[in-house]
file protein06.cif (mmCIF, C-alpha atoms)
data_input
#
loop_
_atom_site.label_atom_id
_atom_site.label_comp_id
_atom_site.auth_asym_id
_atom_site.auth_seq_id
_atom_site.Cartn_x
_atom_site.Cartn_y
_atom_site.Cartn_z
CA MET A 1 280.15 117.11 164.56
CA TRP A 2 277.56 118.87 166.74
CA PRO A 3 275.59 115.73 167.74
CA ASP A 4 278.90 114.11 168.70
CA ALA A 5 279.84 117.22 170.69
CA LEU A 6 276.53 117.10 172.57
CA LEU A 7 276.96 113.38 173.23
CA VAL A 8 280.52 113.73 174.59
CA GLY A 9 279.75 116.92 176.53
CA GLY A 10 276.65 115.33 178.07
CA LYS A 11 278.65 112.24 179.02
CA ASP A 12 281.42 114.31 180.64
CA LEU A 13 278.91 116.39 182.61
CA LYS A 14 277.06 113.26 183.72
CA VAL A 15 280.36 111.72 184.90
CA GLU A 16 281.09 114.96 186.75
CA MET A 17 277.66 115.07 188.38
CA ARG A 18 278.12 111.48 189.59
CA SER A 19 281.67 111.89 190.87
CA ARG A 20 281.01 115.41 192.26
CA VAL A 21 284.71 116.26 192.00
CA THR A 22 283.91 119.84 190.97
CA THR A 23 281.49 120.46 193.82
CA THR A 24 283.38 118.63 196.57
CA GLN A 25 286.99 119.36 195.60
CA VAL A 26 287.48 122.00 192.90
CA ALA A 27 284.97 124.55 194.23
CA PRO A 28 286.26 124.38 197.84
CA TYR A 29 289.81 124.64 196.45
CA ALA A 30 288.86 127.78 194.52
CA ILE A 31 287.24 129.35 197.59
CA LEU A 32 290.32 128.48 199.68
CA VAL A 33 292.56 130.18 197.11
CA LEU A 34 290.45 133.34 197.38
CA LEU A 35 290.45 133.20 201.19
CA ILE A 36 294.23 132.75 201.33
CA PHE A 37 294.72 135.72 199.00
CA GLY A 38 292.32 137.62 201.25
CA PHE A 39 294.42 136.81 204.33
CA ALA A 40 297.63 137.72 202.50
CA PHE A 41 296.32 141.20 201.57
CA ASP A 42 294.11 141.64 204.62
CA GLN A 43 295.89 144.75 206.00
CA ASP A 44 295.42 146.72 202.80
CA HIS A 45 291.77 146.60 201.76
CA ASN A 46 292.26 149.10 198.93
CA LEU A 47 294.99 146.98 197.42
CA LEU A 48 292.86 143.87 197.89
CA SER A 49 289.98 145.47 195.96
CA LYS A 50 292.27 146.55 193.13
CA VAL A 51 293.87 143.13 192.66
CA THR A 52 290.53 141.34 192.91
CA PRO A 53 290.20 140.74 189.12
CA GLY A 54 293.67 139.22 188.93
CA LEU A 55 293.07 137.06 191.99
CA PHE A 56 289.75 135.90 190.55
CA TRP A 57 291.26 134.83 187.23
CA VAL A 58 294.28 133.15 188.83
CA ALA A 59 291.83 131.14 190.95
CA VAL A 60 289.81 130.27 187.83
CA LEU A 61 292.99 129.25 186.02
CA LEU A 62 294.02 126.88 188.82
CA CYS A 63 290.52 125.37 188.77
CA ALA A 64 290.68 125.04 184.99
CA LEU A 65 293.84 122.95 185.29
CA LEU A 66 292.09 120.64 187.77
CA SER A 67 289.00 120.36 185.57
CA VAL A 68 291.02 119.57 182.44
CA GLN A 69 293.11 116.99 184.30
CA ARG A 70 289.94 115.40 185.60
CA SER A 71 288.40 115.37 182.12
CA PHE A 72 291.33 113.34 180.76
CA ALA A 73 291.76 111.16 183.85
CA VAL A 74 288.23 109.86 183.18
CA GLU A 75 289.29 108.84 179.66
CA ALA A 76 292.49 107.18 180.90
CA ALA A 77 290.64 104.71 183.14
CA ASP A 78 289.66 101.28 181.75
CA GLY A 79 290.86 102.12 178.24
CA ALA A 80 288.02 104.60 177.76
CA ARG A 81 290.12 106.68 175.35
CA ASP A 82 290.47 103.66 173.07
CA GLY A 83 286.71 103.19 173.40
CA LEU A 84 286.24 106.78 172.32
CA ARG A 85 288.52 106.25 169.29
CA LEU A 86 286.75 103.00 168.42
CA SER A 87 283.34 104.62 168.63
CA GLY A 88 283.97 106.47 165.37
CA LEU A 89 282.94 109.80 166.91
CA ASP A 90 284.06 112.86 164.98
CA PRO A 91 287.27 114.04 166.74
CA ALA A 92 286.16 117.66 166.28
CA GLY A 93 282.92 116.75 168.05
CA VAL A 94 284.89 115.09 170.88
CA PHE A 95 286.98 118.26 171.22
CA LEU A 96 283.99 120.61 171.26
CA GLY A 97 282.12 118.36 173.69
CA LYS A 98 285.03 118.33 176.11
CA VAL A 99 285.50 122.10 175.78
CA GLY A 100 281.79 122.62 176.45
CA ALA A 101 281.80 120.41 179.53
CA VAL A 102 284.92 122.02 181.02
CA ALA A 103 283.59 125.51 180.20
CA LEU A 104 280.24 124.83 181.91
CA GLN A 105 282.01 123.56 185.03
CA LEU A 106 284.24 126.64 185.05
CA ALA A 107 281.25 128.92 184.53
CA ALA A 108 279.56 127.40 187.58
CA LEU A 109 282.76 127.90 189.57
CA GLU A 110 283.01 131.50 188.39
CA VAL A 111 279.52 132.21 189.70
CA ILE A 112 280.53 130.82 193.10
CA LEU A 113 283.85 132.69 193.05
CA GLY A 114 282.16 135.89 191.85
CA PHE A 115 279.78 135.70 194.78
CA GLY A 116 282.78 135.11 197.07
CA VAL A 117 284.58 138.14 195.61
CA VAL A 118 281.58 140.41 196.18
CA VAL A 119 281.08 139.16 199.75
CA LEU A 120 284.72 138.92 200.82
CA PHE A 121 286.25 141.86 199.00
CA GLY A 122 283.21 144.17 198.71
CA THR A 123 283.48 144.59 194.94
CA GLY A 124 280.83 146.41 192.88
CA PHE A 125 280.02 146.39 189.15
CA ALA A 126 280.54 149.29 186.72
CA ASP A 127 279.94 147.50 183.42
CA PRO A 128 278.11 144.18 183.91
CA GLY A 129 277.91 143.56 180.14
CA LEU A 130 281.69 143.65 179.73
CA LEU A 131 282.05 141.56 182.88
CA VAL A 132 279.83 138.76 181.59
CA LEU A 133 281.10 138.78 178.00
CA SER A 134 284.76 138.78 179.01
CA ALA A 135 284.10 136.01 181.52
CA ALA A 136 282.45 133.93 178.80
CA ALA A 137 285.27 134.55 176.31
CA ALA A 138 288.00 133.85 178.88
CA THR A 139 286.24 130.68 180.01
CA ILE A 140 286.02 129.37 176.45
CA GLY A 141 289.68 130.26 175.84
CA LEU A 142 290.89 128.53 179.01
CA SER A 143 288.78 125.47 178.22
CA ALA A 144 289.83 125.22 174.56
CA ALA A 145 293.55 125.63 175.27
CA GLY A 146 293.26 123.30 178.27
CA VAL A 147 291.59 120.55 176.22
CA VAL A 148 294.13 120.87 173.37
CA TYR A 149 297.11 120.57 175.73
CA GLY A 150 295.29 118.09 177.97
CA MET A 151 295.01 115.73 175.01
CA MET A 152 298.69 116.28 174.12
CA ALA A 153 299.70 115.27 177.63
CA ALA A 154 297.08 112.53 178.03
CA GLY A 155 299.18 109.62 176.82
CA LEU A 156 302.26 110.50 178.87
CA ARG A 157 303.11 109.14 182.28
CA VAL A 158 304.06 112.63 183.47
CA ARG A 159 300.77 114.19 182.34
CA GLU A 160 299.75 115.56 185.76
CA THR A 161 302.92 117.64 186.10
CA LEU A 162 303.33 118.39 182.40
CA LEU A 163 299.89 119.90 181.86
CA PRO A 164 300.47 123.06 183.97
CA LEU A 165 303.85 123.58 182.28
CA LEU A 166 302.19 123.44 178.86
CA VAL A 167 299.06 125.41 179.68
CA LEU A 168 300.21 128.22 181.98
CA PRO A 169 302.47 130.06 179.48
CA VAL A 170 299.93 129.63 176.68
CA VAL A 171 296.97 131.07 178.59
CA ALA A 172 298.91 134.06 179.96
CA PRO A 173 297.23 136.35 177.35
CA VAL A 174 293.82 135.14 178.51
CA ILE A 175 294.58 135.92 182.15
CA LEU A 176 296.01 139.32 181.19
CA ALA A 177 293.08 140.27 178.94
CA ALA A 178 290.40 138.92 181.30
CA THR A 179 291.99 140.81 184.21
CA GLN A 180 292.09 144.05 182.20
CA CYS A 181 288.45 143.58 181.14
CA TRP A 182 287.40 143.03 184.72
CA MET A 183 289.45 145.98 185.98
CA ALA A 184 287.45 148.14 183.58
CA ALA A 185 284.14 146.40 184.28
CA LEU A 186 284.58 146.77 188.05
CA GLY A 187 285.58 150.43 187.74
CA PHE A 188 289.19 150.02 188.93
CA SER A 189 290.72 151.18 185.66
CA ALA A 190 290.03 153.67 182.88
CA THR A 191 291.32 151.16 180.34
CA ASP A 192 289.03 150.38 177.41
CA GLY A 193 288.06 146.85 178.43
CA TRP A 194 286.27 146.19 175.14
CA ARG A 195 289.61 146.27 173.28
CA TRP A 196 290.92 143.52 175.56
CA LEU A 197 287.76 141.57 174.79
CA ILE A 198 288.86 141.48 171.15
CA LEU A 199 292.09 139.76 172.24
CA LEU A 200 290.03 137.18 174.15
CA GLY A 201 287.85 136.61 171.07
CA ALA A 202 290.93 136.14 168.86
CA PHE A 203 292.44 133.66 171.34
CA ASP A 204 289.17 131.70 171.39
CA ALA A 205 289.00 131.63 167.59
CA ILE A 206 292.61 130.40 167.31
CA TYR A 207 292.29 127.59 169.86
CA LEU A 208 288.82 126.48 168.80
CA THR A 209 290.03 126.26 165.18
CA LEU A 210 293.22 124.50 166.24
CA GLY A 211 291.22 121.97 168.23
CA VAL A 212 288.58 121.33 165.57
CA VAL A 213 291.21 120.86 162.85
CA GLY A 214 293.91 119.10 164.84
CA TYR A 215 292.11 117.02 167.44
CA ALA A 216 292.01 113.92 165.21
CA THR A 217 295.81 113.86 165.18
CA LEU A 218 296.04 114.53 168.90
CA LEU A 219 293.57 111.73 169.66
CA GLU A 220 295.56 109.28 167.53
CA GLU A 221 298.95 110.22 168.93
CA ALA A 222 297.97 110.25 172.62
CA MET B 1 283.41 87.35 148.15
CA ASP B 2 286.11 89.73 149.42
CA PRO B 3 287.68 88.81 152.75
CA VAL B 4 286.68 90.88 155.76
CA ILE B 5 290.29 90.96 156.93
CA CYS B 6 293.23 90.77 154.56
CA PHE B 7 296.70 91.27 156.04
CA ARG B 8 299.73 90.49 153.87
CA SER B 9 303.21 90.86 155.36
CA ALA B 10 301.69 93.46 157.69
CA VAL B 11 304.06 95.30 159.98
CA ALA B 12 303.08 97.38 163.00
CA LEU B 13 305.38 99.16 165.40
CA VAL B 14 305.08 100.26 169.00
CA GLY B 15 307.86 102.79 169.28
CA ARG B 16 310.61 101.06 167.31
CA PHE B 17 309.57 97.56 168.29
CA PRO B 18 307.80 95.53 165.58
CA VAL B 19 304.83 94.00 167.42
CA LEU B 20 303.60 92.66 164.08
CA ALA B 21 306.50 91.58 161.91
CA GLY B 22 305.02 90.33 158.66
CA VAL B 23 301.59 88.92 159.50
CA ASP B 24 299.62 87.09 156.82
CA PHE B 25 296.02 86.80 157.96
CA GLU B 26 292.81 86.46 156.02
CA VAL B 27 289.27 86.03 157.36
CA ALA B 28 286.18 85.40 155.26
CA PRO B 29 282.78 87.00 155.96
CA GLY B 30 280.86 85.23 158.73
CA GLU B 31 283.88 83.19 159.79
CA ILE B 32 284.92 82.68 163.41
CA VAL B 33 288.69 82.50 163.71
CA ALA B 34 290.73 81.84 166.83
CA VAL B 35 294.13 83.45 167.23
CA ALA B 36 296.55 81.50 169.39
CA GLY B 37 300.06 82.12 170.59
CA ALA B 38 302.17 82.54 173.68
CA ASN B 39 302.19 85.74 175.72
CA GLY B 40 303.74 88.51 173.63
CA ALA B 41 303.19 86.65 170.36
CA GLY B 42 301.21 89.56 168.93
CA LYS B 43 297.58 88.46 169.43
CA THR B 44 296.41 91.69 171.06
CA SER B 45 298.43 93.77 168.60
CA LEU B 46 296.80 91.94 165.68
CA LEU B 47 293.32 92.65 167.06
CA ARG B 48 294.18 96.30 167.72
CA ALA B 49 295.56 96.63 164.22
CA CYS B 50 292.36 95.14 162.79
CA ALA B 51 290.37 97.74 164.77
CA GLY B 52 292.50 100.56 163.39
CA LEU B 53 293.88 101.34 166.85
CA LEU B 54 297.45 100.26 166.06
CA PRO B 55 298.87 101.82 162.89
CA VAL B 56 300.06 99.35 160.27
CA VAL B 57 303.16 100.81 158.65
CA GLY B 58 304.16 98.14 156.14
CA GLY B 59 302.73 95.42 153.94
CA GLU B 60 299.04 95.34 153.13
CA ALA B 61 296.16 95.67 155.60
CA ARG B 62 292.51 95.87 154.58
CA VAL B 63 289.53 95.44 156.90
CA LEU B 64 285.93 95.54 155.64
CA GLY B 65 287.29 96.88 152.37
CA GLU B 66 289.07 99.82 154.01
CA ASP B 67 292.81 100.36 153.69
CA LEU B 68 294.10 100.58 157.26
CA ILE B 69 297.44 102.03 156.21
CA SER B 70 295.98 105.12 154.56
CA ASN B 71 292.91 105.56 156.77
CA PRO B 72 292.79 103.50 159.98
CA ARG B 73 289.80 105.48 161.31
CA ALA B 74 287.49 104.51 158.46
CA VAL B 75 286.74 101.07 159.83
CA ARG B 76 286.20 101.82 163.49
CA ARG B 77 282.47 102.41 163.58
CA ARG B 78 281.92 99.03 161.88
CA VAL B 79 284.16 97.14 164.29
CA GLY B 80 283.48 96.12 167.89
CA MET B 81 286.34 95.26 170.19
CA LEU B 82 286.48 93.62 173.57
CA GLY B 83 289.96 94.21 174.94
CA HIS B 84 291.72 93.60 178.22
CA ALA B 85 290.18 96.93 179.22
CA GLY B 86 286.42 97.26 179.16
CA PHE B 87 286.17 100.78 177.66
CA LEU B 88 283.67 101.68 180.40
CA TYR B 89 283.21 104.82 182.50
CA ASP B 90 283.23 103.97 186.20
CA ASP B 91 280.91 106.81 187.23
CA LEU B 92 278.21 105.98 184.69
CA THR B 93 275.73 103.18 185.20
CA VAL B 94 275.78 100.02 183.09
CA ALA B 95 272.81 101.21 181.01
CA GLU B 96 274.33 104.67 180.53
CA ASN B 97 277.61 103.16 179.33
CA VAL B 98 275.83 100.94 176.82
CA ARG B 99 273.60 103.80 175.64
CA PHE B 100 276.60 106.09 175.17
CA ALA B 101 278.47 103.50 173.09
CA VAL B 102 275.38 102.73 171.02
CA ARG B 103 274.62 106.39 170.30
CA ALA B 104 278.28 107.07 169.46
CA ALA B 105 278.22 104.22 166.93
CA ARG B 106 274.95 105.56 165.45
CA CYS B 107 273.13 102.33 166.33
CA SER B 108 269.56 101.98 167.53
CA LEU B 109 268.85 102.50 171.23
CA HIS B 110 266.24 99.76 170.88
CA ASN B 111 269.16 97.29 171.00
CA VAL B 112 270.16 98.32 174.53
CA ALA B 113 267.51 96.57 176.66
CA PRO B 114 267.72 93.22 174.80
CA ALA B 115 271.54 93.31 175.01
CA LEU B 116 271.46 93.91 178.76
CA GLU B 117 268.95 91.10 179.18
CA ARG B 118 271.01 88.76 176.99
CA LEU B 119 274.00 89.21 179.30
CA GLY B 120 271.92 88.83 182.46
CA LEU B 121 272.32 92.48 183.40
CA THR B 122 268.81 92.80 184.78
CA GLY B 123 267.10 93.97 187.98
CA ARG B 124 269.16 96.69 189.64
CA LEU B 125 272.30 96.05 187.60
CA PRO B 126 271.50 98.35 184.64
CA ASP B 127 271.19 101.28 187.07
CA THR B 128 274.33 100.39 189.03
CA PRO B 129 277.49 102.46 188.49
CA VAL B 130 280.19 100.39 186.79
CA ALA B 131 282.57 101.17 189.66
CA ALA B 132 280.35 99.09 191.94
CA LEU B 133 280.38 95.98 189.73
CA SER B 134 282.44 92.82 190.14
CA ALA B 135 285.04 91.98 187.49
CA GLY B 136 282.70 89.46 185.86
CA GLN B 137 279.81 91.92 185.80
CA ARG B 138 282.07 94.57 184.22
CA ARG B 139 283.06 92.05 181.57
CA ARG B 140 279.40 91.32 180.87
CA ALA B 141 278.69 95.05 180.59
CA SER B 142 281.48 95.37 178.01
CA ILE B 143 280.06 92.42 176.07
CA ALA B 144 276.59 94.02 176.27
CA VAL B 145 278.05 97.07 174.49
CA LEU B 146 279.19 94.80 171.66
CA VAL B 147 275.85 93.00 171.47
CA ALA B 148 273.94 96.29 171.39
CA ARG B 149 276.23 97.73 168.70
CA ASP B 150 276.09 94.51 166.67
CA PRO B 151 279.16 95.40 164.57
CA GLU B 152 280.15 93.71 161.33
CA LEU B 153 283.46 92.55 162.80
CA TRP B 154 283.86 91.35 166.39
CA LEU B 155 287.40 91.44 167.79
CA LEU B 156 287.54 89.62 171.11
CA ASP B 157 290.68 89.60 173.24
CA GLU B 158 290.42 86.97 175.99
CA PRO B 159 286.63 87.28 175.99
CA HIS B 160 286.11 84.52 178.56
CA ALA B 161 288.39 86.13 181.16
CA GLY B 162 286.59 86.87 184.41
CA LEU B 163 283.36 85.11 183.43
CA ASP B 164 281.83 82.20 185.33
CA SER B 165 280.91 78.97 183.56
CA ASP B 166 277.30 79.96 182.83
CA ASN B 167 278.27 83.31 181.38
CA ARG B 168 281.02 81.72 179.28
CA ASP B 169 278.30 79.58 177.73
CA VAL B 170 276.14 82.69 177.17
CA LEU B 171 279.11 84.42 175.50
CA ASP B 172 279.77 81.42 173.27
CA SER B 173 276.15 81.27 172.12
CA THR B 174 276.18 85.06 171.58
CA ILE B 175 279.25 84.73 169.35
CA ARG B 176 277.65 81.91 167.37
CA GLU B 177 274.45 83.93 166.91
CA ALA B 178 276.42 86.97 165.72
CA SER B 179 278.22 84.78 163.20
CA ALA B 180 274.92 83.29 162.05
CA ARG B 181 273.63 86.84 161.46
CA GLY B 182 276.61 87.49 159.19
CA ALA B 183 279.14 89.05 161.57
CA THR B 184 282.77 87.99 161.39
CA VAL B 185 284.51 87.11 164.65
CA VAL B 186 288.19 86.96 165.55
CA LEU B 187 289.02 85.89 169.08
CA ALA B 188 292.29 85.56 170.92
CA SER B 189 292.04 83.27 173.88
CA HIS B 190 294.14 81.10 176.14
CA GLU B 191 291.04 78.95 176.68
CA HIS B 192 292.01 76.75 173.76
CA ASP B 193 289.18 74.23 174.06
CA ARG B 194 286.47 76.89 174.09
CA ALA B 195 288.11 78.90 171.33
CA ARG B 196 288.52 75.87 169.09
CA SER B 197 284.95 74.74 169.68
CA LEU B 198 283.79 78.16 168.46
CA ALA B 199 286.20 78.73 165.62
CA SER B 200 286.40 77.17 162.17
CA ARG B 201 290.18 77.50 162.23
CA THR B 202 293.02 78.61 164.45
CA VAL B 203 295.77 80.97 163.37
CA THR B 204 298.93 80.79 165.47
CA LEU B 205 301.27 83.71 165.97
CA ALA B 206 304.83 83.76 167.28
CA GLY B 207 307.11 86.76 167.45
CA GLY B 208 304.58 88.96 165.67
CA ALA B 209 304.28 86.70 162.62
CA THR B 210 301.89 83.98 161.49
CA THR B 211 303.31 80.51 162.01
CA ALA B 212 300.32 78.23 161.42
CA ASP B 213 296.76 78.33 160.08
CA VAL B 214 294.83 75.13 160.66
CA ALA B 215 291.19 74.08 160.72
CA SER B 216 290.02 73.66 164.30
CA PHE B 217 287.10 71.34 163.74
CA PRO B 218 286.37 70.00 160.30
CA ARG B 219 282.67 69.72 161.16
CA ARG B 220 282.31 73.50 161.59
CA SER B 221 282.31 75.71 158.54
CA PRO B 222 281.90 79.47 158.19
CA ALA B 223 278.24 80.46 158.12
CA HIS B 224 278.43 82.84 155.22
CA VAL B 225 281.34 81.78 153.09
CA ALA B 226 280.20 81.32 149.54
#
call {"tool": "encode", "arguments": {"input": "protein06.cif", "output": "structure tokens"}}
result
Amino acid sequence: MWPDALLVGGKDLKVEMRSRVTTTQVAPYAILVLLIFGFAFDQDHNLLSKVTPGLFWVAVLLCALLSVQRSFAVEAADGARDGLRLSGLDPAGVFLGKVGAVALQLAALEVILGFGVVVLFGTGFADPGLLVLSAAAATIGLSAAGVVYGMMAAGLRVRETLLPLLVLPVVAPVILAATQCWMAALGFSATDGWRWLILLGAFDAIYLTLGVVGYATLLEEA
Amino acid sequence: MDPVICFRSAVALVGRFPVLAGVDFEVAPGEIVAVAGANGAGKTSLLRACAGLLPVVGGEARVLGEDLISNPRAVRRRVGMLGHAGFLYDDLTVAENVRFAVRAARCSLHNVAPALERLGLTGRLPDTPVAALSAGQRRRASIAVLVARDPELWLLDEPHAGLDSDNRDVLDSTIREASARGATVVLASHEHDRARSLASRTVTLAGGATTADVASFPRRSPAHVA
């Protein structure tokens, strides 16, 4: 499973590096989302600072949808998904490879967005450990759920519009928990962020297990 | 010796439509068999079923000793398919595509360079992204994947499509060499003369069922049939 995951993840990242969709389209889109939120709340800097974690994670979520759609669009071209099925790769390895590739792209975007948040909104850090751990857990959760539902929608003609409808309600707990963690980590809230981190960990465990166990069926049915 | 492919009254559905409606089809090890039939006769569906890509829901279907009805995935790593699509990633180079397919199939990377050379994918072509290739070059890249994987069963759907005359000859000799090494080949082609010159017999499909099974050229016999 793990060699297959590395092979598929490496392939997806190589495709991404060649096409540069993340760097030329998704990253600018994420920055634009932040800027537009910044303009919308410009007159109330205090409010802007307080909603920064939520804005950050909504921006990450929108980018995650684009990254997942891109990941499956690559497999839809020239029958590549059939090639993947024919290759005999372990479906669990395919799932983990795709999750890893999407998660790494999102992590890179989060670094860029995080820098943007600090510069644009003047945010500081109260608990960097919680910040980093919750970001990692939320990124894995968004990627795992995105890849599960991305595969479900992959074989349908309406996949581009269906994917957000499937993913957005499901990842609401991730956005909520990640926002609460970041509120605590950035010092905007007295909430115990570490308890919300447990929710993120549970979400990751559920969707990673679901993907590893069920991806063979999803790959066949798509 | 057990047949490599053994379909008896095999039925496969796409939605509710029976694309294979009782196919009887048997292929011996090392044999080259042509599948003929009009558009929509079921040629592509038969090849996809043999590869385990199209579920067989009725009758009997065994490929390389594996029961396709109970476990269609079991056979895939041992089968190579050239379909209407090339199964290539546009953003990867030719060499990267072949290497990925070879590593996924757990084959030796030492096969990659000779396969590229065999198909004339030399010079700058191995390092060219597939998106920049002509249709014929893409087809050759897909064939190079098959050659590098060297599967036990080759399933070729219109393999000559998009190739120029020289490369059609290269493909034909590649198929004959694979058969001589012990591989079994099934090809569906509208290029009847080429297909019949390669194959020991021709199976004809109509309406998703086998209608004829005749020897193409009496002088040619399967390389490895006991």
call {"tool": "residues_around", "arguments": {"input": "protein06.cif", "residues": "Leu131 of chain A", "least_positions_apart": "4", "cutoff": "8 Å", "atoms": "all atoms listed in the file", "output": "ChimeraX atom specification"}}
result
/A:127,135,181-182,185-186
call {"tool": "residues_around", "arguments": {"input": "protein06.cif", "residues": "segment 16-26 of chain A", "least_positions_apart": "5", "cutoff": "9 Å", "atoms": "all atoms listed in the file", "output": "count of residues only"}}
result
11
call {"tool": "atom_distance", "arguments": {"input": "protein06.cif", "atom1": "atom CA of Lys14 of chain A", "atom2": "atom CA of Val130 of chain B"}}
result
13.6 Å
call {"tool": "resolve_selection", "arguments": {"input": "protein06.cif", "expression": "the PyMOL selection byres ((chain A) within 8 of (chain B))", "output": "PDB file with C-alpha atoms, in the frame of the given file"}}
result
ATOM      1  CA  ASP A   4     278.900 114.110 168.700  1.00  0.00           C
ATOM      2  CA  LEU A   7     276.960 113.380 173.230  1.00  0.00           C
ATOM      3  CA  LYS A  11     278.650 112.240 179.020  1.00  0.00           C
ATOM      4  CA  LYS A  14     277.060 113.260 183.720  1.00  0.00           C
ATOM      5  CA  VAL A  15     280.360 111.720 184.900  1.00  0.00           C
ATOM      6  CA  ARG A  18     278.120 111.480 189.590  1.00  0.00           C
ATOM      7  CA  SER A  19     281.670 111.890 190.870  1.00  0.00           C
ATOM      8  CA  VAL A  74     288.230 109.860 183.180  1.00  0.00           C
ATOM      9  CA  GLU A  75     289.290 108.840 179.660  1.00  0.00           C
ATOM     10  CA  ALA A  77     290.640 104.710 183.140  1.00  0.00           C
ATOM     11  CA  ASP A  78     289.660 101.280 181.750  1.00  0.00           C
ATOM     12  CA  GLY A  79     290.860 102.120 178.240  1.00  0.00           C
ATOM     13  CA  ALA A  80     288.020 104.600 177.760  1.00  0.00           C
ATOM     14  CA  ARG A  81     290.120 106.680 175.350  1.00  0.00           C
ATOM     15  CA  ASP A  82     290.470 103.660 173.070  1.00  0.00           C
ATOM     16  CA  GLY A  83     286.710 103.190 173.400  1.00  0.00           C
ATOM     17  CA  ARG A  85     288.520 106.250 169.290  1.00  0.00           C
ATOM     18  CA  LEU A  86     286.750 103.000 168.420  1.00  0.00           C
ATOM     19  CA  SER A  87     283.340 104.620 168.630  1.00  0.00           C
ATOM     20  CA  GLY A  88     283.970 106.470 165.370  1.00  0.00           C
ATOM     21  CA  LEU A  89     282.940 109.800 166.910  1.00  0.00           C
TER      22      LEU A  89
END
call {"tool": "residues_around", "arguments": {"input": "protein06.cif", "residues": "Pro53 of chain A", "least_positions_apart": "4", "cutoff": "12 Å", "atoms": "all atoms listed in the file", "output": "PyMOL selection string"}}
result
chain A and resi 34+37+47-49+57-60+110+113-114+117-118+121+123-125+131+134-135+175-189
call {"tool": "closest_residue", "arguments": {"input": "protein06.cif", "among": "B:Met1, B:Leu109, B:Ile143, B:Ala36", "to": "Gly162 of chain B", "atoms": "only C-alpha atoms"}}
result
B:Ile143
call {"tool": "closest_residue", "arguments": {"input": "protein06.cif", "among": "A:Phe115, A:Phe72, A:Phe39, A:Tyr29", "to": "Val99 of chain A", "atoms": "all atoms listed in the file"}}
result
A:Phe72
call {"tool": "closest_residue", "arguments": {"input": "protein06.cif", "among": "B:Asp2, B:Asp150, B:Glu177, B:Asp24", "to": "Gly208 of chain B", "atoms": "all atoms listed in the file"}}
result
B:Asp24
call {"tool": "residues_around", "arguments": {"input": "protein06.cif", "residues": "Ser45 of chain B", "least_positions_apart": "6", "cutoff": "12 Å", "atoms": "all atoms listed in the file", "output": "ChimeraX atom specification"}}
result
/B:10-14,17-21,23,35,37,39,51-56,83-84,155-157,188,205-209
call {"tool": "closest_residue", "arguments": {"input": "protein06.cif", "among": "B:Ser70, B:Ile32, B:Val63, B:Leu121", "to": "Asp172 of chain B", "atoms": "all atoms listed in the file"}}
result
B:Ile32
call {"tool": "resolve_selection", "arguments": {"input": "protein06.cif", "expression": "the PyMOL selection byres ((chain A and resi 198) around 12)", "output": "tab-separated table (two decimals) with C-alpha atoms, in the coordinates of the input"}}
result
chain	number	residue	atom	x	y	z
A	130	LEU	CA	281.69	143.65	179.73
A	133	LEU	CA	281.10	138.78	178.00
A	134	SER	CA	284.76	138.78	179.01
A	137	ALA	CA	285.27	134.55	176.31
A	138	ALA	CA	288.00	133.85	178.88
A	173	PRO	CA	297.23	136.35	177.35
A	174	VAL	CA	293.82	135.14	178.51
A	177	ALA	CA	293.08	140.27	178.94
A	178	ALA	CA	290.40	138.92	181.30
A	180	GLN	CA	292.09	144.05	182.20
A	181	CYS	CA	288.45	143.58	181.14
A	192	ASP	CA	289.03	150.38	177.41
A	193	GLY	CA	288.06	146.85	178.43
A	194	TRP	CA	286.27	146.19	175.14
A	195	ARG	CA	289.61	146.27	173.28
A	196	TRP	CA	290.92	143.52	175.56
A	197	LEU	CA	287.76	141.57	174.79
A	199	LEU	CA	292.09	139.76	172.24
A	200	LEU	CA	290.03	137.18	174.15
A	201	GLY	CA	287.85	136.61	171.07
A	202	ALA	CA	290.93	136.14	168.86
A	203	PHE	CA	292.44	133.66	171.34
A	204	ASP	CA	289.17	131.70	171.39
A	205	ALA	CA	289.00	131.63	167.59
call {"tool": "build_atoms", "arguments": {"input": "protein06.cif", "residues": "segment 122-128 of chain A", "atoms": "N, CA and C atoms", "output": "CSV table (one decimal), in the frame of the given file"}}
result
chain,number,residue,atom,x,y,z
A,122,GLY,N,284.1,143.0,198.9
A,122,GLY,CA,283.2,144.2,198.7
A,122,GLY,C,283.3,144.8,197.4
A,123,THR,N,283.3,144.0,196.3
A,123,THR,CA,283.5,144.6,194.9
A,123,THR,C,282.1,144.9,194.4
A,124,GLY,N,282.1,146.0,193.6
A,124,GLY,CA,280.8,146.4,192.9
A,124,GLY,C,281.0,146.2,191.4
A,125,PHE,N,280.0,146.6,190.6
A,125,PHE,CA,280.0,146.4,189.2
A,125,PHE,C,279.8,147.7,188.4
A,126,ALA,N,280.7,148.1,187.5
A,126,ALA,CA,280.5,149.3,186.7
A,126,ALA,C,280.0,149.0,185.3
A,127,ASP,N,280.4,147.9,184.8
A,127,ASP,CA,279.9,147.5,183.4
A,127,ASP,C,279.6,146.0,183.4
A,128,PRO,N,278.4,145.6,183.8
A,128,PRO,CA,278.1,144.2,183.9
A,128,PRO,C,278.2,143.5,182.6
